[in-house]
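Novice: One structure follows; several queries about it will come next.
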There are 2 protein chains.
Amino acid sequence: MIYCDIGNTSVDVYREGKRTKWRVDDFDPASLEGSVHYVSVNGAFNERLQGYSNWHDMREYVRWENYYPTMGMDRIMACEAVDDGVIVDAGSAITVDVVKEGRYQGGFISLGLRAAQEAYARLSPALDVSFNFEVDLTIMAKNTPDALTVGFLAPLIHEIERLGKPIYVTGGDARRISLFLEGSVVDEALIFKGMKKLIEKG
Amino acid sequence: MIYCDIGNTSVDVYREGKRTKWRVDDFDPASLEGSVHYVSVNGAFNERLQGYSNWHDMREYVRWENYYPTMGMDRIMACEAVDDGVIVDAGSAITVDVVKEGRYQGGFISLGLRAAQEAYARLSPALDVSFNFEVDLTIMAKNTPDALTVGFLAPLIHEIERLGKPIYVTGGDARRISLFLEGSVVDEALIFKGMKKLIEKG
């Protein structure tokens with residue numbers, strides 16, 4: 001069984017516990033033989049998949065009464081992987097979702113680390129500085145890099161902590177974000193685990 | 001006495017309790033006669049002020065041991081207006097600062113409402129939606145506009161509330177933000193009050 005997570009810029013392929021990542025433009029769907037299950041947030045790529053009968057959209061497996069129609073399929077799969085907990089997917093956006101007793105409770109979408117830094121930089125040359133990931137979020141800032149880092153991260157981290165435990169973190173910035181979330185579990189394959197679990201349920 | 005708050009796009013003039021707002025490009029410093037005290041975050045405008053001996057930069061009045069050198073003068077003035085409390089200046093950025101017994105404790109900088117919405121829109125066409133300011137921040141979102149609004153506002157509002165009371169809100173989005181901050185006081189002249197207070201101290 002092959003699993004694929006298709007984003008706007010990359011295709012993440014998961015096969016027998018091994019991941020390979022491709023740039024969307026470099027990836028050819030014909031290169032994968034056998035049954036492929038995929039989630040996609042990339043409309044243009046979905047059109048390229050027309051005619052590949054071995055590619056199966058995970059949308060068909062979702063119990064939609066639990067989710068909302070415009071919710072990203074990657075988010076839904078990460079939620080499906082967890083029975084109880086808070087799921088943080090830290091990518092270009094940071095999605096935060098809550099599942100209780102196997103049922104989706106709702107969530108929110110924050111900007112990703114890069115998007116936030118770029119948005120600050122656009123406001124003023126004075127705010128075009130890198131985040132300081134060594135910062136102590138419990139202390140009020142007294143310089144610009146700390147003021148931006150605390151301004152973006154402290155509200156987000158504290159809000160995630162309010163939602164309860166356990167906290168699962170996935171996505172490209174998972175390790176960076178999880179350092180601020182005590183006791184959180186980094187699981188880079190959460191989306192694929194959700195896909196697998198949902199297919200097994202049938 | 002005339003007070004001026006010079007931003008990147010506008011000049012806010014405060015005279016005898018009355019405010020007039022100008023676009024930076026339309027404003028002529030020669031149009032103000034008599035003593036003018038100003039704060040500015042606009043380097044280009046500061047150069048235009050060279051040679052106007054009636055224009056006085058508030059930087060000279062600041063006790064810098066309390067603040068940090070790159071801190072915006074508008075933020076410092078809003079802090080000077082308050083002896084104890086949390087000061088929220090909701091403009092193109094949202095600055096949050098804490099003053100205790102007349103002494104600055106530190107703060108942080110969040111994106112402004114417009115900057116945040118624009119940053120979401122840049123991430124994906126699916127996230128190019130307006131915030132829903134009617135949203136209940138205590139409920140997890142189950143649609144995209146609410147997920148973005150809660151994602152941006154709930155962490156920020158809860159973080160501000162953690163910092164204590166009273167909460168003073170100023171800036172262009174003061175009313176919008178203060179609706180979420182129970183018991184907060186909107187004071188659109190906070191920066192000018194700080195300037196006046198600092199000048200009177202000498």
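Chain lettering (A, B, ...) mirrors the order of the structure tokens, residue numbering begins at 1 for each chain separately, and ligand numbering begins at 1 in order of display.
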List as an MDAnalysis selection string the protein and nucleic acid residues near B:Thr170, meaning an atom at most 9 Å away when only C-alpha atoms are counted, but skip any in the same chain fewer than 5 places from it.
Specialist: chainID B and resid 78 87:91 175 178 185:191
Novice: Using only C-alpha atoms, which chain B residues lie at most 6 Å away from chain A, written as a list in words?
Specialist: Gly106, Gly107, Phe108, Ile109, Ser110, Ala119, Met140, Ala141, Lys142, Ala147, Leu148, Val150, Gly151, Phe152, Pro155, Leu156 and Glu159 of chain B
Novice: Find the distance between atom CA of B:Ser184 and atom CA of B:Leu113 and write it in Å to one decimal.
Specialist: 18.2 Å
Novice: So how far away is atom CA of A:Phe180 from atom CA of B:Ile167, in Å?
Specialist: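 Going from atom CA of B:Ile167 over to atom CA of A:Phe180, I get 27.1 Å.
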Novice: Please list as a PyMOL selection string every residue within 10 Å of B:Gly164, counting only C-alpha atoms and excluding residues in the same chain fewer than 6 positions away.
Specialist: chain B and resi 84-86+98
Novice: Counting only C-alpha atoms, which residue out of B:Glu182, B:Asp5, B:Glu134, B:Glu60 sits closest to B:Arg75?
Specialist: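 Checking each of B:Glu182, B:Asp5, B:Glu134, B:Glu60 against B:Arg75, counting only C-alpha atoms, the winner is B:Asp5.
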Novice: Using only C-alpha atoms, determine which residues lie at most 12 Å from stretch 31-33 of chain A, disregarding the query and same-chain residues fewer than 2 positions distant; provide the list as a list in words.
Specialist: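 Using only C-alpha atoms, the neighbours found are Met1, Ile2, Tyr3, Cys4, Val13, Tyr14, Arg15, Trp22, Asp26, Phe27, Asp28, Pro29, Ser35, Val36, His37, Tyr38, Leu49, Tyr52, Ser53, Asn54 and Trp55 of chain A.
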Novice: Print the selection's residues with C-alpha atoms to a file, as a PDB file, in the first residue's frame.
Specialist:
```pdb
ATOM      1  CA  MET A   1       0.000   0.000   0.000  1.00  0.00           C
ATOM      2  CA  ILE A   2       1.256   3.460  -0.938  1.00  0.00           C
ATOM      3  CA  TYR A   3       0.094   6.679   0.775  1.00  0.00           C
ATOM      4  CA  CYS A   4       0.489  10.174  -0.658  1.00  0.00           C
ATOM      5  CA  VAL A  13       5.076   9.533  -0.506  1.00  0.00           C
ATOM      6  CA  TYR A  14       4.888   6.934   2.270  1.00  0.00           C
ATOM      7  CA  ARG A  15       5.587   3.300   1.403  1.00  0.00           C
ATOM      8  CA  TRP A  22       9.105  15.419  -4.144  1.00  0.00           C
ATOM      9  CA  ASP A  26       9.042  17.013 -10.447  1.00  0.00           C
ATOM     10  CA  PHE A  27       6.585  14.304  -9.498  1.00  0.00           C
ATOM     11  CA  ASP A  28       4.952  12.020 -12.083  1.00  0.00           C
ATOM     12  CA  PRO A  29       1.864  10.100 -10.861  1.00  0.00           C
ATOM     13  CA  SER A  35      -2.782   1.020  -5.265  1.00  0.00           C
ATOM     14  CA  VAL A  36      -2.127   4.592  -4.094  1.00  0.00           C
ATOM     15  CA  HIS A  37      -4.276   6.333  -1.488  1.00  0.00           C
ATOM     16  CA  TYR A  38      -3.902  10.095  -1.353  1.00  0.00           C
ATOM     17  CA  LEU A  49      -4.624  12.564 -11.430  1.00  0.00           C
ATOM     18  CA  TYR A  52      -5.144   7.136 -12.951  1.00  0.00           C
ATOM     19  CA  SER A  53      -7.474   4.403 -11.723  1.00  0.00           C
ATOM     20  CA  ASN A  54      -4.904   3.189  -9.167  1.00  0.00           C
ATOM     21  CA  TRP A  55      -5.043   6.560  -7.294  1.00  0.00           C
TER      22      TRP A  55
END
```
Novice: How far is it from atom CA of B:Asn132 to atom CA of B:Gly171, in Å with one decimal?
Specialist: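 Atom-to-atom, atom CA of B:Asn132 and atom CA of B:Gly171 are spaced 20.0 Å apart.
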Novice: Could you check the closest approach to A:Arg114 for each of A:Asp136, A:Asp128, A:Glu101, A:Asp12 and tell me which residue wins, using only C-alpha atoms?
Specialist: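 Once distances to A:Arg114 are computed over only C-alpha atoms, the minimum belongs to A:Asp128.
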Novice: Need to verify the contact set: A:Val39, 7 Å, only C-alpha atoms, exclusion of same-chain residues closer than 6 positions in sequence. Can you return it as a ChimeraX atom specification?
Specialist: /A:4-6,57-58,73-74
Novice: Write out as a PyMOL selection string the set of residues from stretch 75-200 of chain B that DSSP, computed on the backbone, places in helix (DSSP H, G or I).
Specialist: chain B and resi 75-80+113-123+125-127+144-162+174-178+190-200
Novice: Since we have the selection now, will you write its residues out, keeping C-alpha atoms, as a short mmCIF file (atom, residue, chain, number, x, y, z; two decimals), in the first residue's frame?
Specialist:
```cif
data_model
loop_
_atom_site.label_atom_id
_atom_site.label_comp_id
_atom_site.auth_asym_id
_atom_site.auth_seq_id
_atom_site.Cartn_x
_atom_site.Cartn_y
_atom_site.Cartn_z
CA ARG B 75 4.39 52.49 22.12
CA ILE B 76 6.56 54.28 24.67
CA MET B 77 4.16 57.23 24.83
CA ALA B 78 1.14 54.95 25.34
CA CYS B 79 3.04 53.29 28.21
CA GLU B 80 3.88 56.69 29.71
CA LEU B 113 -5.94 42.43 11.97
CA ARG B 114 -5.40 43.40 8.34
CA ALA B 115 -1.82 42.05 8.24
CA ALA B 116 -3.00 38.73 9.66
CA GLN B 117 -5.85 38.36 7.17
CA GLU B 118 -3.53 39.23 4.30
CA ALA B 119 -0.98 36.68 5.50
CA TYR B 120 -3.63 33.92 5.59
CA ALA B 121 -4.81 34.91 2.09
CA ARG B 122 -1.24 34.64 0.79
CA LEU B 123 -0.96 31.04 2.07
CA PRO B 125 -6.89 30.81 -1.91
CA ALA B 126 -8.89 28.64 0.52
CA LEU B 127 -7.74 30.91 3.39
CA THR B 144 -12.90 28.26 7.59
CA PRO B 145 -13.69 31.91 8.50
CA ASP B 146 -14.19 30.96 12.16
CA ALA B 147 -11.08 28.75 12.15
CA LEU B 148 -8.98 31.74 11.01
CA THR B 149 -10.64 34.25 13.33
CA VAL B 150 -10.36 31.97 16.36
CA GLY B 151 -6.83 31.01 15.26
CA PHE B 152 -5.71 34.58 15.26
CA LEU B 153 -7.85 36.19 17.97
CA ALA B 154 -8.36 33.54 20.67
CA PRO B 155 -4.63 33.08 21.45
CA LEU B 156 -4.04 36.84 21.39
CA ILE B 157 -7.07 37.79 23.49
CA HIS B 158 -6.41 35.07 26.08
CA GLU B 159 -2.73 36.07 26.28
CA ILE B 160 -3.67 39.71 26.88
CA GLU B 161 -6.15 38.64 29.60
CA ARG B 162 -3.40 36.60 31.31
CA ALA B 174 -9.22 49.60 19.27
CA ARG B 175 -13.01 49.25 19.29
CA ARG B 176 -12.99 45.99 17.38
CA ILE B 177 -10.39 44.41 19.69
CA SER B 178 -11.85 45.81 22.91
CA LEU B 190 -3.52 57.45 24.88
CA ILE B 191 -0.37 58.34 22.92
CA PHE B 192 -1.09 62.08 23.21
CA LYS B 193 -1.86 61.74 26.92
CA GLY B 194 1.53 60.06 27.40
CA MET B 195 3.26 62.86 25.51
CA LYS B 196 1.51 65.53 27.57
CA LYS B 197 2.33 63.73 30.84
CA LEU B 198 5.99 63.30 29.91
CA ILE B 199 6.37 66.96 28.89
CA GLU B 200 4.77 68.10 32.16
#
```
Novice: Report the residues of stretch 67-187 of chain A whose backbone DSSP state falls under strand (DSSP E), written as a PDB file with C-alpha atoms, in the first residue's frame.
Specialist:
```
ATOM      1  CA  GLY A  85      -5.913  14.679  22.136  1.00  0.00           C
ATOM      2  CA  VAL A  86      -4.789  17.913  20.543  1.00  0.00           C
ATOM      3  CA  ILE A  87      -3.263  17.692  17.068  1.00  0.00           C
ATOM      4  CA  VAL A  88      -0.895  20.408  15.887  1.00  0.00           C
ATOM      5  CA  ASP A  89       0.174  20.361  12.227  1.00  0.00           C
ATOM      6  CA  ALA A  90       2.921  22.957  11.914  1.00  0.00           C
ATOM      7  CA  ALA A  93      -0.157  27.207   8.326  1.00  0.00           C
ATOM      8  CA  ILE A  94      -0.354  25.776  11.856  1.00  0.00           C
ATOM      9  CA  THR A  95      -3.613  23.908  12.342  1.00  0.00           C
ATOM     10  CA  VAL A  96      -4.730  22.979  15.858  1.00  0.00           C
ATOM     11  CA  ASP A  97      -7.526  20.435  16.279  1.00  0.00           C
ATOM     12  CA  VAL A  98      -9.156  18.635  19.165  1.00  0.00           C
ATOM     13  CA  VAL A  99     -10.458  15.050  19.105  1.00  0.00           C
ATOM     14  CA  LYS A 100     -12.380  13.512  22.016  1.00  0.00           C
ATOM     15  CA  ARG A 103     -14.880  12.517  17.512  1.00  0.00           C
ATOM     16  CA  TYR A 104     -13.680  15.814  16.033  1.00  0.00           C
ATOM     17  CA  GLN A 105     -14.451  18.774  18.339  1.00  0.00           C
ATOM     18  CA  GLY A 106     -13.256  21.663  16.141  1.00  0.00           C
ATOM     19  CA  GLY A 107     -10.051  23.597  15.787  1.00  0.00           C
ATOM     20  CA  PHE A 108      -8.347  26.690  14.526  1.00  0.00           C
ATOM     21  CA  ILE A 109      -5.784  27.812  11.988  1.00  0.00           C
ATOM     22  CA  SER A 110      -2.799  29.959  12.845  1.00  0.00           C
ATOM     23  CA  LEU A 111      -0.115  31.246  10.496  1.00  0.00           C
ATOM     24  CA  ILE A 167      -0.525  16.941  22.332  1.00  0.00           C
ATOM     25  CA  TYR A 168       0.624  15.422  19.012  1.00  0.00           C
ATOM     26  CA  VAL A 169       2.752  17.558  16.720  1.00  0.00           C
ATOM     27  CA  THR A 170       3.379  16.904  13.042  1.00  0.00           C
ATOM     28  CA  VAL A 185       4.749  13.928  21.040  1.00  0.00           C
ATOM     29  CA  VAL A 186       6.260  14.566  17.614  1.00  0.00           C
TER      30      VAL A 186
END
```
Novice: I'd like the neighbourhood of stretch 9-11 of chain B as an mmCIF file with N, CA and C atoms, in the first residue's frame, where a residue qualifies if any of its atoms comes within 6 Å (using only C-alpha atoms), though same-chain residues fewer than 5 positions away should be ignored.
Specialist:
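Output below, filename out_34.cif:
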```cif
data_model
loop_
_atom_site.group_PDB
_atom_site.id
_atom_site.type_symbol
_atom_site.label_atom_id
_atom_site.label_comp_id
_atom_site.auth_asym_id
_atom_site.auth_seq_id
_atom_site.Cartn_x
_atom_site.Cartn_y
_atom_site.Cartn_z
ATOM 1 N N LYS B 21 -6.405 63.993 11.081
ATOM 2 C CA LYS B 21 -5.538 62.958 10.530
ATOM 3 C C LYS B 21 -5.237 63.282 9.068
ATOM 4 N N TRP B 22 -3.968 63.225 8.716
ATOM 5 C CA TRP B 22 -3.529 63.531 7.355
ATOM 6 C C TRP B 22 -2.800 62.330 6.766
ATOM 7 N N ARG B 23 -2.873 62.205 5.453
ATOM 8 C CA ARG B 23 -1.954 61.286 4.780
ATOM 9 C C ARG B 23 -0.565 61.913 4.827
ATOM 10 N N VAL B 24 0.453 61.101 5.068
ATOM 11 C CA VAL B 24 1.811 61.637 5.202
ATOM 12 C C VAL B 24 2.162 62.523 4.017
#
```
